[in-house]
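Content type compact mmCIF, N, CA and C atoms, from the file coords_37.txt:
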```txt
# COMPACT_ATOMS: atom_id res chain seq x y z
N MET A 112 41.89 -34.57 22.35
CA MET A 112 40.61 -34.41 22.99
C MET A 112 40.32 -32.94 23.31
N ILE A 113 41.34 -32.24 23.77
CA ILE A 113 41.18 -30.82 24.08
C ILE A 113 40.88 -30.03 22.81
N GLU A 114 41.50 -30.43 21.69
CA GLU A 114 41.26 -29.73 20.43
C GLU A 114 39.81 -29.90 19.97
N VAL A 115 39.26 -31.07 20.15
CA VAL A 115 37.86 -31.34 19.78
C VAL A 115 36.93 -30.49 20.64
N ALA A 116 37.20 -30.44 21.93
CA ALA A 116 36.37 -29.64 22.84
C ALA A 116 36.46 -28.16 22.49
N ALA A 117 37.66 -27.69 22.17
CA ALA A 117 37.83 -26.28 21.80
C ALA A 117 37.11 -25.97 20.50
N SER A 118 37.17 -26.88 19.53
CA SER A 118 36.49 -26.63 18.26
C SER A 118 34.97 -26.67 18.44
N LEU A 119 34.48 -27.52 19.35
CA LEU A 119 33.04 -27.53 19.64
C LEU A 119 32.60 -26.22 20.29
N VAL A 120 33.40 -25.70 21.20
CA VAL A 120 33.08 -24.41 21.83
C VAL A 120 33.05 -23.31 20.79
N VAL A 121 34.02 -23.30 19.88
CA VAL A 121 34.05 -22.29 18.82
C VAL A 121 32.84 -22.45 17.91
N LEU A 122 32.47 -23.67 17.58
CA LEU A 122 31.32 -23.93 16.74
C LEU A 122 30.03 -23.45 17.41
N ILE A 123 29.89 -23.73 18.69
CA ILE A 123 28.70 -23.29 19.43
C ILE A 123 28.63 -21.77 19.49
N LEU A 124 29.75 -21.12 19.76
CA LEU A 124 29.77 -19.65 19.82
C LEU A 124 29.44 -19.04 18.46
N THR A 125 29.98 -19.61 17.39
CA THR A 125 29.69 -19.13 16.04
C THR A 125 28.21 -19.29 15.71
N SER A 126 27.65 -20.43 16.06
CA SER A 126 26.21 -20.67 15.82
C SER A 126 25.36 -19.68 16.60
N GLN A 127 25.74 -19.39 17.83
CA GLN A 127 24.99 -18.44 18.65
C GLN A 127 25.04 -17.05 18.04
N LEU A 128 26.22 -16.64 17.55
CA LEU A 128 26.35 -15.33 16.91
C LEU A 128 25.49 -15.24 15.65
N LEU A 129 25.47 -16.30 14.84
CA LEU A 129 24.64 -16.32 13.65
C LEU A 129 23.15 -16.23 14.00
N LEU A 130 22.75 -16.93 15.04
CA LEU A 130 21.36 -16.89 15.49
C LEU A 130 20.97 -15.48 15.93
N TRP A 131 21.81 -14.82 16.70
CA TRP A 131 21.53 -13.44 17.14
C TRP A 131 21.44 -12.51 15.95
N ASP A 132 22.33 -12.70 14.96
CA ASP A 132 22.31 -11.86 13.77
C ASP A 132 21.02 -12.05 12.98
N LEU A 133 20.57 -13.30 12.84
CA LEU A 133 19.32 -13.56 12.13
C LEU A 133 18.12 -12.96 12.87
N GLN A 134 18.13 -13.03 14.19
CA GLN A 134 17.05 -12.43 14.97
C GLN A 134 17.03 -10.91 14.80
N ALA A 135 18.21 -10.29 14.75
CA ALA A 135 18.28 -8.85 14.54
C ALA A 135 17.76 -8.48 13.16
N CYS A 136 18.08 -9.27 12.15
CA CYS A 136 17.57 -9.02 10.79
C CYS A 136 16.05 -9.15 10.75
N ASP A 137 15.52 -10.14 11.46
CA ASP A 137 14.07 -10.34 11.50
C ASP A 137 13.38 -9.15 12.14
N ARG A 138 13.95 -8.62 13.22
CA ARG A 138 13.38 -7.43 13.87
C ARG A 138 13.44 -6.23 12.93
N GLY A 139 14.52 -6.11 12.15
CA GLY A 139 14.66 -5.01 11.21
C GLY A 139 13.62 -5.08 10.10
N VAL A 140 13.38 -6.28 9.58
CA VAL A 140 12.36 -6.45 8.53
C VAL A 140 10.98 -6.12 9.09
N ALA A 141 10.69 -6.55 10.30
CA ALA A 141 9.39 -6.25 10.92
C ALA A 141 9.21 -4.76 11.11
N ALA A 142 10.28 -4.05 11.49
CA ALA A 142 10.19 -2.59 11.67
C ALA A 142 9.93 -1.90 10.34
N VAL A 143 10.55 -2.35 9.27
CA VAL A 143 10.33 -1.75 7.94
C VAL A 143 8.89 -2.00 7.49
N GLN A 144 8.39 -3.20 7.69
CA GLN A 144 7.02 -3.50 7.30
C GLN A 144 6.03 -2.67 8.10
N ASN A 145 6.28 -2.50 9.39
CA ASN A 145 5.38 -1.68 10.20
C ASN A 145 5.38 -0.24 9.74
N SER A 146 6.54 0.31 9.36
CA SER A 146 6.57 1.69 8.90
C SER A 146 5.84 1.82 7.57
N HIS A 147 5.92 0.78 6.70
CA HIS A 147 5.19 0.82 5.44
C HIS A 147 3.69 0.77 5.70
N HIS A 148 3.25 -0.01 6.68
CA HIS A 148 1.83 -0.08 7.01
C HIS A 148 1.35 1.25 7.59
N GLU A 149 2.21 1.92 8.34
CA GLU A 149 1.85 3.24 8.86
C GLU A 149 1.66 4.23 7.72
N GLU A 150 2.53 4.17 6.69
CA GLU A 150 2.37 5.04 5.52
C GLU A 150 1.04 4.76 4.83
N THR A 151 0.66 3.49 4.74
CA THR A 151 -0.60 3.13 4.10
C THR A 151 -1.78 3.66 4.92
N GLU A 152 -1.70 3.56 6.24
CA GLU A 152 -2.76 4.09 7.10
C GLU A 152 -2.91 5.60 6.92
N VAL A 153 -1.79 6.30 6.83
CA VAL A 153 -1.84 7.76 6.60
C VAL A 153 -2.47 8.05 5.25
N ALA A 154 -2.11 7.28 4.23
CA ALA A 154 -2.69 7.47 2.89
C ALA A 154 -4.19 7.20 2.91
N LEU A 155 -4.62 6.22 3.69
CA LEU A 155 -6.06 5.95 3.80
C LEU A 155 -6.79 7.12 4.45
N LEU A 156 -6.16 7.74 5.43
CA LEU A 156 -6.76 8.93 6.05
C LEU A 156 -6.80 10.10 5.07
N GLN A 157 -5.74 10.27 4.28
CA GLN A 157 -5.74 11.33 3.26
C GLN A 157 -6.83 11.09 2.23
N LEU A 158 -7.01 9.83 1.84
CA LEU A 158 -8.07 9.50 0.89
C LEU A 158 -9.43 9.82 1.47
N GLU A 159 -9.64 9.46 2.72
CA GLU A 159 -10.92 9.74 3.37
C GLU A 159 -11.20 11.24 3.40
N GLN A 160 -10.18 12.02 3.72
CA GLN A 160 -10.36 13.47 3.75
C GLN A 160 -10.66 14.02 2.36
N SER A 161 -9.98 13.51 1.35
CA SER A 161 -10.21 13.97 -0.02
C SER A 161 -11.62 13.62 -0.49
N LEU A 162 -12.08 12.43 -0.13
CA LEU A 162 -13.40 12.00 -0.57
C LEU A 162 -14.52 12.82 0.05
N THR A 163 -14.26 13.46 1.19
CA THR A 163 -15.30 14.31 1.80
C THR A 163 -15.51 15.59 1.01
N THR A 164 -14.52 16.00 0.23
CA THR A 164 -14.64 17.24 -0.56
C THR A 164 -14.89 16.97 -2.04
N MET A 165 -14.94 15.70 -2.44
CA MET A 165 -15.14 15.37 -3.85
C MET A 165 -16.43 14.57 -4.03
N ARG A 166 -16.88 14.56 -5.27
CA ARG A 166 -18.04 13.73 -5.63
C ARG A 166 -17.56 12.60 -6.53
N LEU A 167 -18.24 11.49 -6.45
CA LEU A 167 -17.89 10.31 -7.22
C LEU A 167 -18.70 10.25 -8.50
N ASN A 168 -18.04 10.01 -9.62
CA ASN A 168 -18.71 9.79 -10.89
C ASN A 168 -18.63 8.30 -11.19
N TRP A 169 -19.52 7.51 -10.56
CA TRP A 169 -19.44 6.06 -10.66
C TRP A 169 -19.64 5.53 -12.09
N PRO A 170 -20.51 6.14 -12.91
CA PRO A 170 -20.64 5.62 -14.28
C PRO A 170 -19.32 5.65 -15.06
N LYS A 171 -18.41 6.55 -14.75
CA LYS A 171 -17.12 6.61 -15.43
C LYS A 171 -16.02 5.89 -14.64
N SER A 172 -16.40 5.23 -13.57
CA SER A 172 -15.45 4.52 -12.72
C SER A 172 -15.50 3.02 -13.02
N SER A 173 -14.56 2.30 -12.45
CA SER A 173 -14.55 0.84 -12.56
C SER A 173 -14.08 0.28 -11.22
N GLN A 174 -13.88 -1.04 -11.17
CA GLN A 174 -13.44 -1.65 -9.92
C GLN A 174 -11.99 -1.32 -9.59
N THR A 175 -11.22 -0.84 -10.57
CA THR A 175 -9.82 -0.50 -10.31
C THR A 175 -9.52 0.98 -10.52
N GLN A 176 -10.53 1.76 -10.89
CA GLN A 176 -10.30 3.19 -11.13
C GLN A 176 -11.53 3.99 -10.70
N LEU A 177 -11.28 5.09 -9.99
CA LEU A 177 -12.36 5.97 -9.56
C LEU A 177 -12.30 7.28 -10.33
N ALA A 178 -13.43 7.74 -10.80
CA ALA A 178 -13.53 9.06 -11.42
C ALA A 178 -14.12 9.99 -10.36
N LEU A 179 -13.37 11.04 -10.03
CA LEU A 179 -13.77 11.97 -8.98
C LEU A 179 -13.87 13.39 -9.55
N ILE A 180 -14.72 14.20 -8.94
CA ILE A 180 -14.87 15.61 -9.33
C ILE A 180 -14.75 16.45 -8.07
N ASP A 181 -13.86 17.45 -8.09
CA ASP A 181 -13.69 18.28 -6.90
C ASP A 181 -14.75 19.39 -6.87
N GLN A 182 -14.66 20.26 -5.86
CA GLN A 182 -15.66 21.31 -5.67
C GLN A 182 -15.66 22.34 -6.79
N LYS A 183 -14.54 22.48 -7.49
CA LYS A 183 -14.43 23.44 -8.58
C LYS A 183 -14.85 22.83 -9.92
N GLY A 184 -15.19 21.55 -9.93
CA GLY A 184 -15.61 20.89 -11.15
C GLY A 184 -14.49 20.20 -11.91
N LYS A 185 -13.27 20.20 -11.36
CA LYS A 185 -12.16 19.53 -12.03
C LYS A 185 -12.28 18.02 -11.84
N SER A 186 -11.93 17.28 -12.89
CA SER A 186 -11.98 15.82 -12.85
C SER A 186 -10.63 15.24 -12.45
N PHE A 187 -10.68 14.16 -11.70
CA PHE A 187 -9.49 13.42 -11.28
C PHE A 187 -9.77 11.93 -11.39
N LEU A 188 -8.71 11.16 -11.60
CA LEU A 188 -8.81 9.71 -11.62
C LEU A 188 -7.93 9.14 -10.52
N LEU A 189 -8.48 8.23 -9.76
CA LEU A 189 -7.70 7.47 -8.78
C LEU A 189 -7.53 6.10 -9.39
N THR A 190 -6.31 5.79 -9.85
CA THR A 190 -6.12 4.60 -10.66
C THR A 190 -4.91 3.79 -10.23
N PHE A 191 -4.92 2.52 -10.55
CA PHE A 191 -3.85 1.58 -10.24
C PHE A 191 -2.89 1.56 -11.42
N LYS A 192 -1.61 1.82 -11.17
CA LYS A 192 -0.62 1.89 -12.24
C LYS A 192 0.62 1.08 -11.90
N LEU A 193 1.26 0.59 -12.96
CA LEU A 193 2.58 0.00 -12.83
C LEU A 193 3.56 1.04 -13.32
N ARG A 194 4.50 1.44 -12.46
CA ARG A 194 5.48 2.46 -12.83
C ARG A 194 6.81 1.78 -13.13
N ASP A 195 7.63 2.41 -13.94
CA ASP A 195 8.96 1.88 -14.30
C ASP A 195 8.85 0.47 -14.87
N GLY A 196 8.05 0.32 -15.90
CA GLY A 196 7.89 -1.00 -16.52
C GLY A 196 6.99 -1.89 -15.70
N GLN A 197 7.39 -3.12 -15.54
CA GLN A 197 6.56 -4.10 -14.84
C GLN A 197 7.14 -4.49 -13.48
N LEU A 198 7.99 -3.64 -12.89
CA LEU A 198 8.59 -3.98 -11.60
C LEU A 198 7.51 -4.12 -10.54
N LYS A 199 7.54 -5.21 -9.81
CA LYS A 199 6.51 -5.46 -8.81
C LYS A 199 6.55 -4.45 -7.67
N THR A 200 7.71 -3.89 -7.38
CA THR A 200 7.80 -2.96 -6.26
C THR A 200 7.29 -1.58 -6.62
N LYS A 201 7.00 -1.33 -7.88
CA LYS A 201 6.55 -0.01 -8.32
C LYS A 201 5.06 0.01 -8.63
N ARG A 202 4.30 -0.91 -8.08
CA ARG A 202 2.86 -0.90 -8.27
C ARG A 202 2.27 0.14 -7.34
N GLU A 203 1.58 1.11 -7.91
CA GLU A 203 1.07 2.23 -7.11
C GLU A 203 -0.39 2.51 -7.45
N VAL A 204 -1.05 3.14 -6.52
CA VAL A 204 -2.35 3.75 -6.79
C VAL A 204 -2.09 5.24 -6.77
N VAL A 205 -2.42 5.92 -7.87
CA VAL A 205 -2.09 7.33 -8.01
C VAL A 205 -3.34 8.14 -8.33
N LEU A 206 -3.29 9.41 -7.97
CA LEU A 206 -4.34 10.37 -8.30
C LEU A 206 -3.83 11.21 -9.46
N THR A 207 -4.53 11.20 -10.59
CA THR A 207 -4.12 11.95 -11.78
C THR A 207 -5.29 12.76 -12.31
N ASN A 208 -4.99 13.66 -13.25
CA ASN A 208 -6.07 14.28 -13.99
C ASN A 208 -6.31 13.44 -15.25
N PRO A 209 -7.45 13.59 -15.91
CA PRO A 209 -7.76 12.71 -17.05
C PRO A 209 -6.74 12.77 -18.19
N SER A 210 -6.01 13.86 -18.34
CA SER A 210 -5.03 13.95 -19.42
C SER A 210 -3.67 13.36 -19.00
N ASN A 211 -3.58 12.81 -17.78
CA ASN A 211 -2.34 12.22 -17.25
C ASN A 211 -1.18 13.21 -17.21
N ALA A 212 -1.48 14.47 -17.01
CA ALA A 212 -0.44 15.49 -16.91
C ALA A 212 -0.04 15.66 -15.44
N GLY A 213 0.66 14.66 -14.94
CA GLY A 213 1.10 14.69 -13.54
C GLY A 213 0.28 13.75 -12.70
N TYR A 214 0.85 13.36 -11.58
CA TYR A 214 0.14 12.45 -10.69
C TYR A 214 0.68 12.59 -9.28
N MET A 215 -0.11 12.10 -8.32
CA MET A 215 0.28 12.06 -6.92
C MET A 215 0.12 10.63 -6.42
N PRO A 216 1.22 9.96 -6.07
CA PRO A 216 1.09 8.58 -5.55
C PRO A 216 0.36 8.57 -4.22
N LEU A 217 -0.51 7.59 -4.05
CA LEU A 217 -1.26 7.47 -2.81
C LEU A 217 -0.87 6.19 -2.05
N PHE A 218 -0.88 5.06 -2.74
CA PHE A 218 -0.50 3.78 -2.14
C PHE A 218 0.65 3.18 -2.93
N PHE A 219 1.56 2.50 -2.23
CA PHE A 219 2.72 1.87 -2.85
C PHE A 219 2.67 0.36 -2.64
N GLN A 220 3.38 -0.38 -3.49
CA GLN A 220 3.52 -1.84 -3.37
C GLN A 220 2.15 -2.51 -3.28
N VAL A 221 1.30 -2.20 -4.24
CA VAL A 221 -0.07 -2.70 -4.25
C VAL A 221 -0.17 -3.98 -5.07
N ARG A 222 -0.73 -5.02 -4.49
CA ARG A 222 -0.99 -6.26 -5.22
C ARG A 222 -2.31 -6.13 -5.99
N SER A 223 -3.35 -5.65 -5.30
CA SER A 223 -4.65 -5.48 -5.96
C SER A 223 -5.46 -4.42 -5.23
N ILE A 224 -6.37 -3.83 -5.98
CA ILE A 224 -7.30 -2.85 -5.41
C ILE A 224 -8.64 -3.06 -6.08
N LYS A 225 -9.69 -2.95 -5.28
CA LYS A 225 -11.03 -3.15 -5.82
C LYS A 225 -11.97 -2.16 -5.14
N TRP A 226 -12.75 -1.46 -5.96
CA TRP A 226 -13.74 -0.51 -5.47
C TRP A 226 -15.13 -1.07 -5.74
N GLN A 227 -16.03 -0.90 -4.80
CA GLN A 227 -17.45 -1.24 -4.98
C GLN A 227 -18.26 -0.04 -4.50
N TYR A 228 -19.30 0.32 -5.27
CA TYR A 228 -20.13 1.45 -4.87
C TYR A 228 -21.57 1.02 -4.79
N GLN A 229 -22.14 1.17 -3.62
CA GLN A 229 -23.55 0.95 -3.37
C GLN A 229 -24.02 2.22 -2.67
N ALA A 230 -24.62 3.14 -3.43
CA ALA A 230 -24.93 4.48 -2.96
C ALA A 230 -25.49 4.47 -1.54
N PRO A 231 -24.97 5.28 -0.67
CA PRO A 231 -23.89 6.25 -0.77
C PRO A 231 -22.54 5.71 -0.25
N LEU A 232 -22.40 4.38 -0.15
CA LEU A 232 -21.18 3.81 0.43
C LEU A 232 -20.21 3.33 -0.64
N LEU A 233 -18.96 3.74 -0.50
CA LEU A 233 -17.88 3.30 -1.38
C LEU A 233 -16.98 2.38 -0.57
N GLU A 234 -16.77 1.17 -1.07
CA GLU A 234 -15.96 0.18 -0.37
C GLU A 234 -14.63 0.02 -1.09
N LEU A 235 -13.56 0.03 -0.30
CA LEU A 235 -12.21 -0.16 -0.81
C LEU A 235 -11.66 -1.47 -0.25
N ASP A 236 -11.14 -2.30 -1.15
CA ASP A 236 -10.47 -3.54 -0.77
C ASP A 236 -9.06 -3.46 -1.34
N LEU A 237 -8.07 -3.23 -0.48
CA LEU A 237 -6.69 -3.00 -0.89
C LEU A 237 -5.80 -4.11 -0.33
N VAL A 238 -4.99 -4.73 -1.20
CA VAL A 238 -4.06 -5.78 -0.78
C VAL A 238 -2.67 -5.36 -1.24
N LEU A 239 -1.72 -5.32 -0.31
CA LEU A 239 -0.35 -4.96 -0.62
C LEU A 239 0.44 -6.19 -1.05
N LEU A 240 1.64 -5.97 -1.58
CA LEU A 240 2.48 -7.08 -2.04
C LEU A 240 2.83 -8.06 -0.93
N ASP A 241 2.92 -7.57 0.32
CA ASP A 241 3.22 -8.48 1.43
C ASP A 241 1.95 -9.15 1.97
N ARG A 242 0.86 -9.05 1.20
CA ARG A 242 -0.44 -9.66 1.48
C ARG A 242 -1.17 -9.02 2.66
N THR A 243 -0.76 -7.85 3.08
CA THR A 243 -1.50 -7.12 4.10
C THR A 243 -2.79 -6.61 3.45
N HIS A 244 -3.89 -6.78 4.16
CA HIS A 244 -5.21 -6.49 3.61
C HIS A 244 -5.81 -5.28 4.34
N PHE A 245 -6.28 -4.30 3.57
CA PHE A 245 -6.97 -3.14 4.14
C PHE A 245 -8.37 -3.08 3.52
N TYR A 246 -9.36 -2.96 4.35
CA TYR A 246 -10.74 -2.85 3.89
C TYR A 246 -11.36 -1.63 4.56
N ARG A 247 -11.86 -0.70 3.74
CA ARG A 247 -12.47 0.52 4.28
C ARG A 247 -13.78 0.80 3.57
N THR A 248 -14.68 1.47 4.27
CA THR A 248 -15.93 1.93 3.69
C THR A 248 -16.03 3.43 3.90
N TYR A 249 -16.37 4.15 2.83
CA TYR A 249 -16.47 5.61 2.88
C TYR A 249 -17.88 6.06 2.49
N LEU A 250 -18.31 7.14 3.10
CA LEU A 250 -19.56 7.77 2.73
C LEU A 250 -19.23 8.83 1.69
N VAL A 251 -19.74 8.65 0.46
CA VAL A 251 -19.33 9.51 -0.66
C VAL A 251 -20.55 10.04 -1.39
N LYS A 252 -20.50 11.31 -1.75
CA LYS A 252 -21.55 11.91 -2.56
C LYS A 252 -21.33 11.51 -4.02
N SER A 253 -22.42 11.27 -4.72
CA SER A 253 -22.33 10.91 -6.12
C SER A 253 -22.77 12.07 -6.99
N VAL A 254 -22.39 12.00 -8.27
CA VAL A 254 -22.76 13.06 -9.23
C VAL A 254 -24.22 12.92 -9.56
```

Before we go any further, please render this structure as structure tokens.
Amino acid sequence: MIEVAASLVVLILTSQLLLWDLQACDRGVAAVQNSHHEETEVALLQLEQSLTTMRLNWPKSSQTQLALIDQKGKSFLLTFKLRDGQLKTKREVVLTNPSNAGYMPLFFQVRSIKWQYQAPLLELDLVLLDRTHFYRTYLVKSV
């Protein structure tokens, strides 16, 4: 009888330790997701700042790609790309020049992106792989 009671105590203690470990893992995953969302918020602010100095060429744009022109007349594309093959974790939105000679990643782990332009407002609908949804509207000058 004492052996059964001792084994039950050990079982309860082991279960409690596993539960605490799972709770710690859950807090760690939440912290990583929050830091990723903070990176996305910073990227959205960078995009907003860039759009104030650029003009939109909507006729050469689409719902997944923006054609932009800076103050010096240089063209840039803001486009959705799959990097490193078809890996889902490498889905990015990048800023490139039309000849694809280099790029700057803006958003990471993107499920979908959609642009809508109704002069002078540009609407962004961004969904990340973890299904976090970002919706922004920007005031943009057109060509």

Can I get the residues of region 195-248 of chain A within 6 Å of region 154-174 of chain A, each with the closest pair of atoms and their distance in Å to one decimal, using only N, CA and C atoms, sorted chain first then ascending number, as a tab-separated table?
```
residue	atom	partner	partner_atom	distance
A:Leu217	C	A:Ala154	CA	5.4
A:Ile224	C	A:Gln174	C	5.2
A:Lys225	CA	A:Gln174	C	4.3
A:Trp226	N	A:Gln174	C	3.7
A:Gln227	N	A:Gln174	CA	5.8
```

Rounded to one decimal in Å, what is the spacing between atom N of Thr207 (chain A) and atom N of Gly184 (chain A)? 14.9 Å

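Rounded to one decimal, atom C of Val254 (chain A) and atom C of Pro216 (chain A) lie 25.5 Å from each other.
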
Atom pair atom C of Phe218 (chain A) / CA of Leu189 (chain A): separation (Å): 11.1 Å

DSSP strand (DSSP E) residues within region 140-250 of chain A, as a VMD selection string: chain A and resid 166 to 167 176 to 180 186 to 193 202 to 207 214 to 219 221 to 229 232 to 239 244 to 250

Residue with the minimum atom-to-atom distance to Val238 (chain A), picked from A:Thr151, A:Asn208, A:Gln127, A:Ser118 with only C-alpha atoms counted, is A:Thr151

Apply DSSP to the structure's backbone, then extract all residues of chain A labelled helix (DSSP H, G or I) and return them as JSON, numbers by chain. {"A": [113, 114, 115, 116, 117, 118, 119, 120, 121, 122, 123, 124, 125, 126, 127, 128, 129, 130, 131, 132, 133, 134, 135, 136, 137, 138, 139, 140, 141, 142, 143, 144, 145, 146, 147, 148, 149, 150, 151, 152, 153, 154, 155, 156, 157, 158, 159, 160, 161, 162, 163, 164, 169, 170, 171, 199, 200, 201]}
